[in-house]
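The file entry01.csv comes next; it holds CSV, C-alpha atoms.
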chain,number,residue,atom,x,y,z
A,1,MET,CA,13.3,167.2,-36.8
A,2,LYS,CA,15.2,164.1,-35.7
A,3,PRO,CA,19.0,164.3,-36.3
A,4,GLU,CA,20.4,161.8,-38.9
A,5,LEU,CA,22.5,159.1,-37.4
A,6,ASP,CA,25.9,158.5,-38.7
A,7,ASP,CA,26.3,154.8,-39.6
A,8,ARG,CA,29.8,154.9,-38.2
A,9,ALA,CA,28.4,156.0,-34.8
A,10,VAL,CA,26.1,152.9,-34.6
A,11,PRO,CA,27.6,150.2,-32.4
A,12,ARG,CA,28.8,147.3,-34.4
A,13,GLU,CA,26.6,144.9,-32.4
A,14,THR,CA,23.5,146.7,-33.8
A,15,ARG,CA,24.8,146.2,-37.4
A,16,LEU,CA,25.6,142.5,-36.9
A,17,LEU,CA,22.9,140.3,-38.2
A,18,VAL,CA,21.0,138.4,-35.5
A,19,TYR,CA,18.8,135.4,-36.3
A,20,SER,CA,15.4,136.4,-35.1
A,21,SER,CA,13.3,134.0,-33.0
A,22,ARG,CA,10.7,133.9,-35.8
A,23,LEU,CA,13.4,132.8,-38.3
A,24,ILE,CA,14.7,130.2,-35.9
A,25,GLY,CA,11.2,128.9,-35.3
A,26,GLY,CA,10.6,128.7,-39.0
A,27,LEU,CA,13.8,126.8,-39.6
A,28,VAL,CA,12.9,124.3,-36.9
A,29,ALA,CA,9.4,123.8,-38.3
A,30,LEU,CA,10.8,123.4,-41.8
A,31,GLY,CA,13.4,121.0,-40.6
A,32,PHE,CA,10.8,118.9,-38.9
A,33,VAL,CA,8.8,118.7,-42.2
A,34,ASN,CA,11.9,117.7,-44.1
A,35,VAL,CA,12.6,114.9,-41.6
A,36,LEU,CA,9.1,113.6,-42.0
A,37,LEU,CA,9.5,113.6,-45.8
A,38,ILE,CA,12.8,111.8,-45.6
A,39,VAL,CA,11.5,109.1,-43.2
A,40,ALA,CA,8.4,108.6,-45.4
A,41,ALA,CA,10.5,108.4,-48.6
A,42,ALA,CA,12.8,105.8,-47.0
A,43,ARG,CA,9.8,103.6,-46.3
A,44,LYS,CA,7.7,104.1,-49.5
A,45,PRO,CA,8.5,103.7,-53.2
A,46,TYR,CA,6.3,106.8,-53.9
A,47,PHE,CA,3.8,109.0,-52.1
A,48,PRO,CA,0.0,108.6,-52.5
A,49,THR,CA,-0.5,111.4,-55.0
A,50,ASP,CA,2.7,110.8,-57.0
A,51,LEU,CA,1.2,108.3,-59.5
A,52,LEU,CA,-1.9,110.4,-60.2
A,53,VAL,CA,0.2,113.6,-60.8
A,54,ALA,CA,2.8,111.9,-62.9
A,55,ARG,CA,0.2,110.3,-65.2
A,56,ALA,CA,-1.6,113.6,-65.6
A,57,LEU,CA,1.5,115.5,-66.5
A,58,GLN,CA,2.7,112.9,-68.9
A,59,SER,CA,-0.7,112.9,-70.6
A,60,LEU,CA,-0.5,116.7,-71.1
A,61,ALA,CA,3.1,116.9,-72.1
A,62,PHE,CA,3.7,117.7,-75.8
A,63,LEU,CA,5.8,115.4,-77.8
A,64,PRO,CA,8.6,114.8,-78.6
A,65,LEU,CA,10.2,115.0,-75.2
A,66,SER,CA,13.5,116.5,-76.4
A,67,TRP,CA,12.6,119.8,-74.6
A,68,ALA,CA,12.5,117.9,-71.3
A,69,SER,CA,15.8,116.2,-72.0
A,70,SER,CA,17.4,119.6,-72.8
A,71,ILE,CA,16.1,121.1,-69.6
A,72,THR,CA,17.5,118.1,-67.7
A,73,ALA,CA,20.9,118.7,-69.2
A,74,THR,CA,21.1,122.2,-67.7
A,75,ALA,CA,21.6,120.7,-64.2
A,76,ASP,CA,24.4,118.3,-65.3
A,77,LYS,CA,28.1,119.2,-65.7
A,78,PRO,CA,29.2,121.6,-66.9
A,79,TRP,CA,25.9,123.5,-67.3
A,80,GLY,CA,25.1,123.3,-63.6
A,81,PHE,CA,28.3,125.2,-62.9
A,82,ALA,CA,27.4,127.7,-65.6
A,83,LEU,CA,24.0,128.3,-63.8
A,84,LEU,CA,26.0,128.8,-60.6
A,85,ALA,CA,28.2,131.4,-62.3
A,86,LEU,CA,25.2,133.2,-63.6
A,87,VAL,CA,23.6,133.3,-60.1
A,88,VAL,CA,26.8,134.7,-58.6
A,89,VAL,CA,27.0,137.5,-61.2
A,90,VAL,CA,23.3,138.5,-60.9
A,91,ALA,CA,23.5,138.3,-57.1
A,92,TRP,CA,26.6,140.5,-57.0
A,93,LEU,CA,25.1,143.1,-59.4
A,94,LEU,CA,21.8,143.4,-57.7
A,95,CYS,CA,22.4,142.6,-54.0
A,96,GLY,CA,26.2,142.9,-53.4
A,97,TRP,CA,29.2,140.7,-52.9
A,98,ARG,CA,27.9,139.0,-49.8
A,99,ALA,CA,24.9,137.6,-51.7
A,100,ALA,CA,27.2,136.4,-54.4
A,101,LEU,CA,29.5,134.7,-52.0
A,102,ILE,CA,26.7,132.9,-50.1
A,103,ALA,CA,25.6,131.4,-53.5
A,104,LEU,CA,28.6,129.1,-53.3
A,105,PRO,CA,27.9,127.3,-50.0
A,106,VAL,CA,24.2,127.2,-51.0
A,107,PHE,CA,25.0,125.4,-54.3
A,108,PHE,CA,27.8,123.0,-53.1
A,109,GLY,CA,26.1,122.3,-49.8
A,110,LEU,CA,22.9,121.2,-51.4
A,111,TRP,CA,24.7,119.2,-54.0
A,112,LEU,CA,26.8,117.3,-51.4
A,113,ILE,CA,23.8,116.8,-49.2
A,114,GLY,CA,22.0,115.2,-52.1
A,115,ILE,CA,24.9,112.9,-53.0
A,116,TRP,CA,25.1,111.8,-49.3
A,117,LEU,CA,21.4,111.6,-48.6
A,118,SER,CA,20.1,109.8,-51.7
A,119,PRO,CA,21.7,106.4,-51.1
A,120,LEU,CA,20.8,106.5,-47.5
A,121,ILE,CA,17.1,106.9,-48.3
A,122,ALA,CA,17.5,104.6,-51.4
A,123,GLN,CA,14.0,105.3,-52.8
A,124,PRO,CA,13.8,103.6,-56.2
A,125,ARG,CA,13.2,105.5,-59.4
A,126,PRO,CA,9.7,105.4,-61.0
A,127,SER,CA,8.9,102.0,-62.5
A,128,PRO,CA,8.1,101.8,-66.3
A,129,GLU,CA,5.3,99.4,-65.2
A,130,LEU,CA,3.5,102.4,-63.6
A,131,ILE,CA,4.4,105.4,-65.8
A,132,ARG,CA,6.3,106.2,-69.0
A,133,VAL,CA,10.1,106.2,-68.3
A,134,VAL,CA,12.5,107.6,-70.9
A,135,GLY,CA,15.9,105.9,-71.0
A,136,HIS,CA,17.7,103.8,-68.4
A,137,LEU,CA,18.1,105.8,-65.2
A,138,LYS,CA,20.7,105.1,-62.5
A,139,GLY,CA,20.8,106.1,-58.9
A,140,TYR,CA,17.9,106.9,-56.6
A,141,ALA,CA,14.9,109.1,-56.7
A,142,PHE,CA,14.6,111.1,-53.4
A,143,PRO,CA,15.8,113.8,-53.1
A,144,SER,CA,16.2,114.7,-56.8
A,145,ILE,CA,19.7,115.9,-57.4
A,146,PHE,CA,18.3,117.9,-60.4
A,147,GLY,CA,15.9,119.6,-58.0
A,148,LEU,CA,18.7,120.4,-55.5
A,149,VAL,CA,20.7,122.0,-58.3
A,150,TYR,CA,17.8,124.0,-59.5
A,151,VAL,CA,16.7,125.2,-56.0
A,152,ALA,CA,20.3,126.1,-55.2
A,153,THR,CA,20.4,128.4,-58.3
A,154,PHE,CA,16.9,129.5,-59.3
A,155,GLY,CA,15.5,129.0,-55.9
A,156,TYR,CA,18.3,131.0,-54.3
A,157,LEU,CA,17.8,133.9,-56.7
A,158,ALA,CA,14.1,134.0,-56.1
A,159,LEU,CA,14.4,134.1,-52.3
A,160,LEU,CA,17.3,136.5,-52.4
A,161,LEU,CA,15.7,139.0,-54.8
A,162,GLY,CA,12.3,138.6,-53.2
A,163,THR,CA,13.5,139.5,-49.7
A,164,GLN,CA,16.5,141.8,-50.1
A,165,CYS,CA,16.4,143.7,-53.3
A,166,ARG,CA,14.1,146.3,-54.8
A,167,GLY,CA,12.9,147.4,-58.2
A,168,ALA,CA,11.0,146.0,-61.2
A,169,LEU,CA,14.0,144.0,-62.3
A,170,ARG,CA,13.9,142.1,-59.0
A,171,VAL,CA,10.2,141.1,-59.6
A,172,LEU,CA,10.9,140.0,-63.2
A,173,ILE,CA,14.0,137.9,-62.3
A,174,SER,CA,12.1,136.3,-59.3
A,175,LEU,CA,9.2,135.3,-61.5
A,176,VAL,CA,11.5,133.8,-64.1
A,177,ALA,CA,13.3,131.9,-61.4
A,178,VAL,CA,10.1,130.5,-60.0
A,179,LEU,CA,8.9,129.6,-63.5
A,180,ALA,CA,12.2,127.7,-64.1
A,181,LEU,CA,11.7,125.7,-60.9
A,182,LEU,CA,8.2,124.7,-62.1
A,183,ILE,CA,9.3,123.8,-65.7
A,184,GLY,CA,12.3,121.9,-64.4
A,185,ALA,CA,10.2,119.8,-62.1
A,186,ASP,CA,7.7,119.2,-64.9
A,187,ALA,CA,10.5,118.1,-67.2
A,188,ARG,CA,11.8,115.5,-64.8
A,189,ILE,CA,8.3,114.1,-64.2
A,190,VAL,CA,7.3,113.8,-67.8
A,191,LEU,CA,10.5,111.9,-68.5
A,192,GLY,CA,9.7,109.5,-65.7
A,193,ALA,CA,12.9,110.3,-63.9
A,194,HIS,CA,11.3,111.4,-60.7
A,195,TRP,CA,8.0,111.5,-58.8
A,196,VAL,CA,6.6,114.9,-57.9
A,197,SER,CA,7.5,114.3,-54.3
A,198,ASP,CA,11.2,113.9,-55.2
A,199,LEU,CA,11.2,117.3,-56.7
A,200,TRP,CA,9.2,119.1,-54.0
A,201,GLY,CA,11.2,117.2,-51.4
A,202,ALA,CA,14.4,118.6,-52.9
A,203,TYR,CA,12.9,122.1,-53.1
A,204,LEU,CA,11.8,122.0,-49.5
A,205,LEU,CA,15.3,120.8,-48.5
A,206,GLY,CA,16.7,123.6,-50.5
A,207,LEU,CA,14.4,126.1,-48.8
A,208,LEU,CA,15.6,125.0,-45.4
A,209,TRP,CA,19.3,125.3,-46.4
A,210,ILE,CA,18.9,128.6,-48.2
A,211,SER,CA,16.8,130.1,-45.4
A,212,ALA,CA,19.5,129.2,-42.9
A,213,LEU,CA,22.3,130.9,-45.0
A,214,LEU,CA,20.4,133.7,-46.6
A,215,PRO,CA,20.6,136.1,-43.6
A,216,LEU,CA,24.4,136.0,-43.9
A,217,SER,CA,24.1,137.7,-47.3
A,218,ARG,CA,22.6,140.9,-46.0
A,219,ARG,CA,24.7,144.1,-46.2
A,220,GLU,CA,23.8,144.9,-42.6
A,221,LEU,CA,26.1,142.1,-41.5
A,222,GLY,CA,29.1,144.2,-42.0
A,223,GLN,CA,30.1,147.8,-42.6
A,224,GLY,CA,28.7,148.1,-46.0
A,225,ARG,CA,28.8,146.6,-49.4

Can you turn what I pasted into structure tokens?
Amino acid sequence: MKPELDDRAVPRETRLLVYSSRLIGGLVALGFVNVLLIVAAARKPYFPTDLLVARALQSLAFLPLSWASSITATADKPWGFALLALVVVVAWLLCGWRAALIALPVFFGLWLIGIWLSPLIAQPRPSPELIRVVGHLKGYAFPSIFGLVYVATFGYLALLLGTQCRGALRVLISLVAVLALLIGADARIVLGAHWVSDLWGAYLLGLLWISALLPLSRRELGQGR
């Protein structure tokens, strides 16, 4: 029988989180994909499949579109901050205080990245001459600020619970979070506010940012919860 190791006897260096070579390689690859999307979005008003997907989703969407407008409002102030508060509470209860703390730089980092990046890319919003556009929209399309808020909240929860927590509740909340990402993207597309590439571009950018910060939320980083 092997003797049990006292956690206090383990050198601190072995308990400190180290970014593995696989994770670093994945971040580099994901960063490269994001750069390609950003460059392409800066040169094209929309991607080749955007028009086809948008028209298909709009033709399938049930009317009236008040449901899509209501979903859109959840990423605006103050509801976006309410989503953040909910994520912090759930992360703390299920994964510890470190996970709850990392939710803050994830959210505000992606939000500020979107505000900074969007006018630099300056991709125009979908044209009402191509698809149905509800209302008069301001700003630019890529990356979707709505998408960044959603991936910073629901996306963070899905990745956090999917990689670091256990139990049936983890699976349920992760599935709900993924479903929220899909419904949120659908809502923005059927309103004509974004192309599908704007949403998936935001989600991929969020995946990169979350993946870079998520290891810092693990309990092994320090001496316990």

Atom-to-atom span, atom CA of Leu205 of chain A and atom CA of Ile183 of chain A, Å: 18.5 Å

Two-atom distance - atom CA of Asp198 of chain A, atom CA of Ala40 of chain A (Å): 11.5 Å

Straight-line distance linking atom CA of Gly192 of chain A with atom CA of Trp209 of chain A, stated in Å to one decimal: 26.7 Å

For Pro124 of chain A: contacts at 9 Å, all atoms listed in the file, fewer than 6 positions along chain excluded, given as a list in words: Pro45, Tyr46, Gly139, Tyr140, Ala141 and Phe142 of chain A

Selection near segment 19-28 of chain A, 12 Å with all atoms listed in the file, sequence-local residues under 3 positions removed, as an MDAnalysis selection string: chainID A and resid 16 31:35 204:216 218 221

Export C-alpha atoms of the chosen residues as a compact mmCIF listing (two decimals), in the frame of the given file?
# COMPACT_ATOMS: atom_id res chain seq x y z
CA LEU A 16 25.60 142.50 -36.90
CA GLY A 31 13.40 121.00 -40.60
CA PHE A 32 10.80 118.90 -38.90
CA VAL A 33 8.80 118.70 -42.20
CA ASN A 34 11.90 117.70 -44.10
CA VAL A 35 12.60 114.90 -41.60
CA LEU A 204 11.80 122.00 -49.50
CA LEU A 205 15.30 120.80 -48.50
CA GLY A 206 16.70 123.60 -50.50
CA LEU A 207 14.40 126.10 -48.80
CA LEU A 208 15.60 125.00 -45.40
CA TRP A 209 19.30 125.30 -46.40
CA ILE A 210 18.90 128.60 -48.20
CA SER A 211 16.80 130.10 -45.40
CA ALA A 212 19.50 129.20 -42.90
CA LEU A 213 22.30 130.90 -45.00
CA LEU A 214 20.40 133.70 -46.60
CA PRO A 215 20.60 136.10 -43.60
CA LEU A 216 24.40 136.00 -43.90
CA ARG A 218 22.60 140.90 -46.00
CA LEU A 221 26.10 142.10 -41.50

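For the residues A:Leu161, A:Leu117, A:Ala187, A:Ala99, ranking by smallest atom-to-atom distance to Leu175 of chain A using all atoms listed in the file places A:Leu161 first.
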
From A:Ala29, A:Ala75, A:Leu159, A:Ile131, residue lying nearest Ile189 of chain A [only C-alpha atoms]: A:Ile131

Nearest-residue call for Tyr156 of chain A, choices A:Ala42, A:Leu52, A:Val190, A:Leu84, using all atoms listed in the file: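 Among the listed residues, the smallest separation from Tyr156 of chain A belongs to A:Leu84.
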
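If you measure from each of A:Ala103, A:Leu51, A:Leu181, A:Val176 to Arg132 of chain A using all atoms listed in the file, the closest one turns out to be A:Leu51.
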
Nearest to Ile38 of chain A, chosen from A:Leu157, A:Ile173, A:Ala185, A:Leu120, with all atoms listed in the file counted in the distances: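 Of A:Leu157, A:Ile173, A:Ala185, A:Leu120, the one nearest Ile38 of chain A, counting all atoms listed in the file, is A:Leu120.
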
Closest of A:Trp195, A:Val106, A:Thr72, A:Ser217 to Leu130 of chain A - atom-to-atom distances counting all atoms listed in the file: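 Using all atoms listed in the file, the shortest distance to Leu130 of chain A belongs to A:Trp195.
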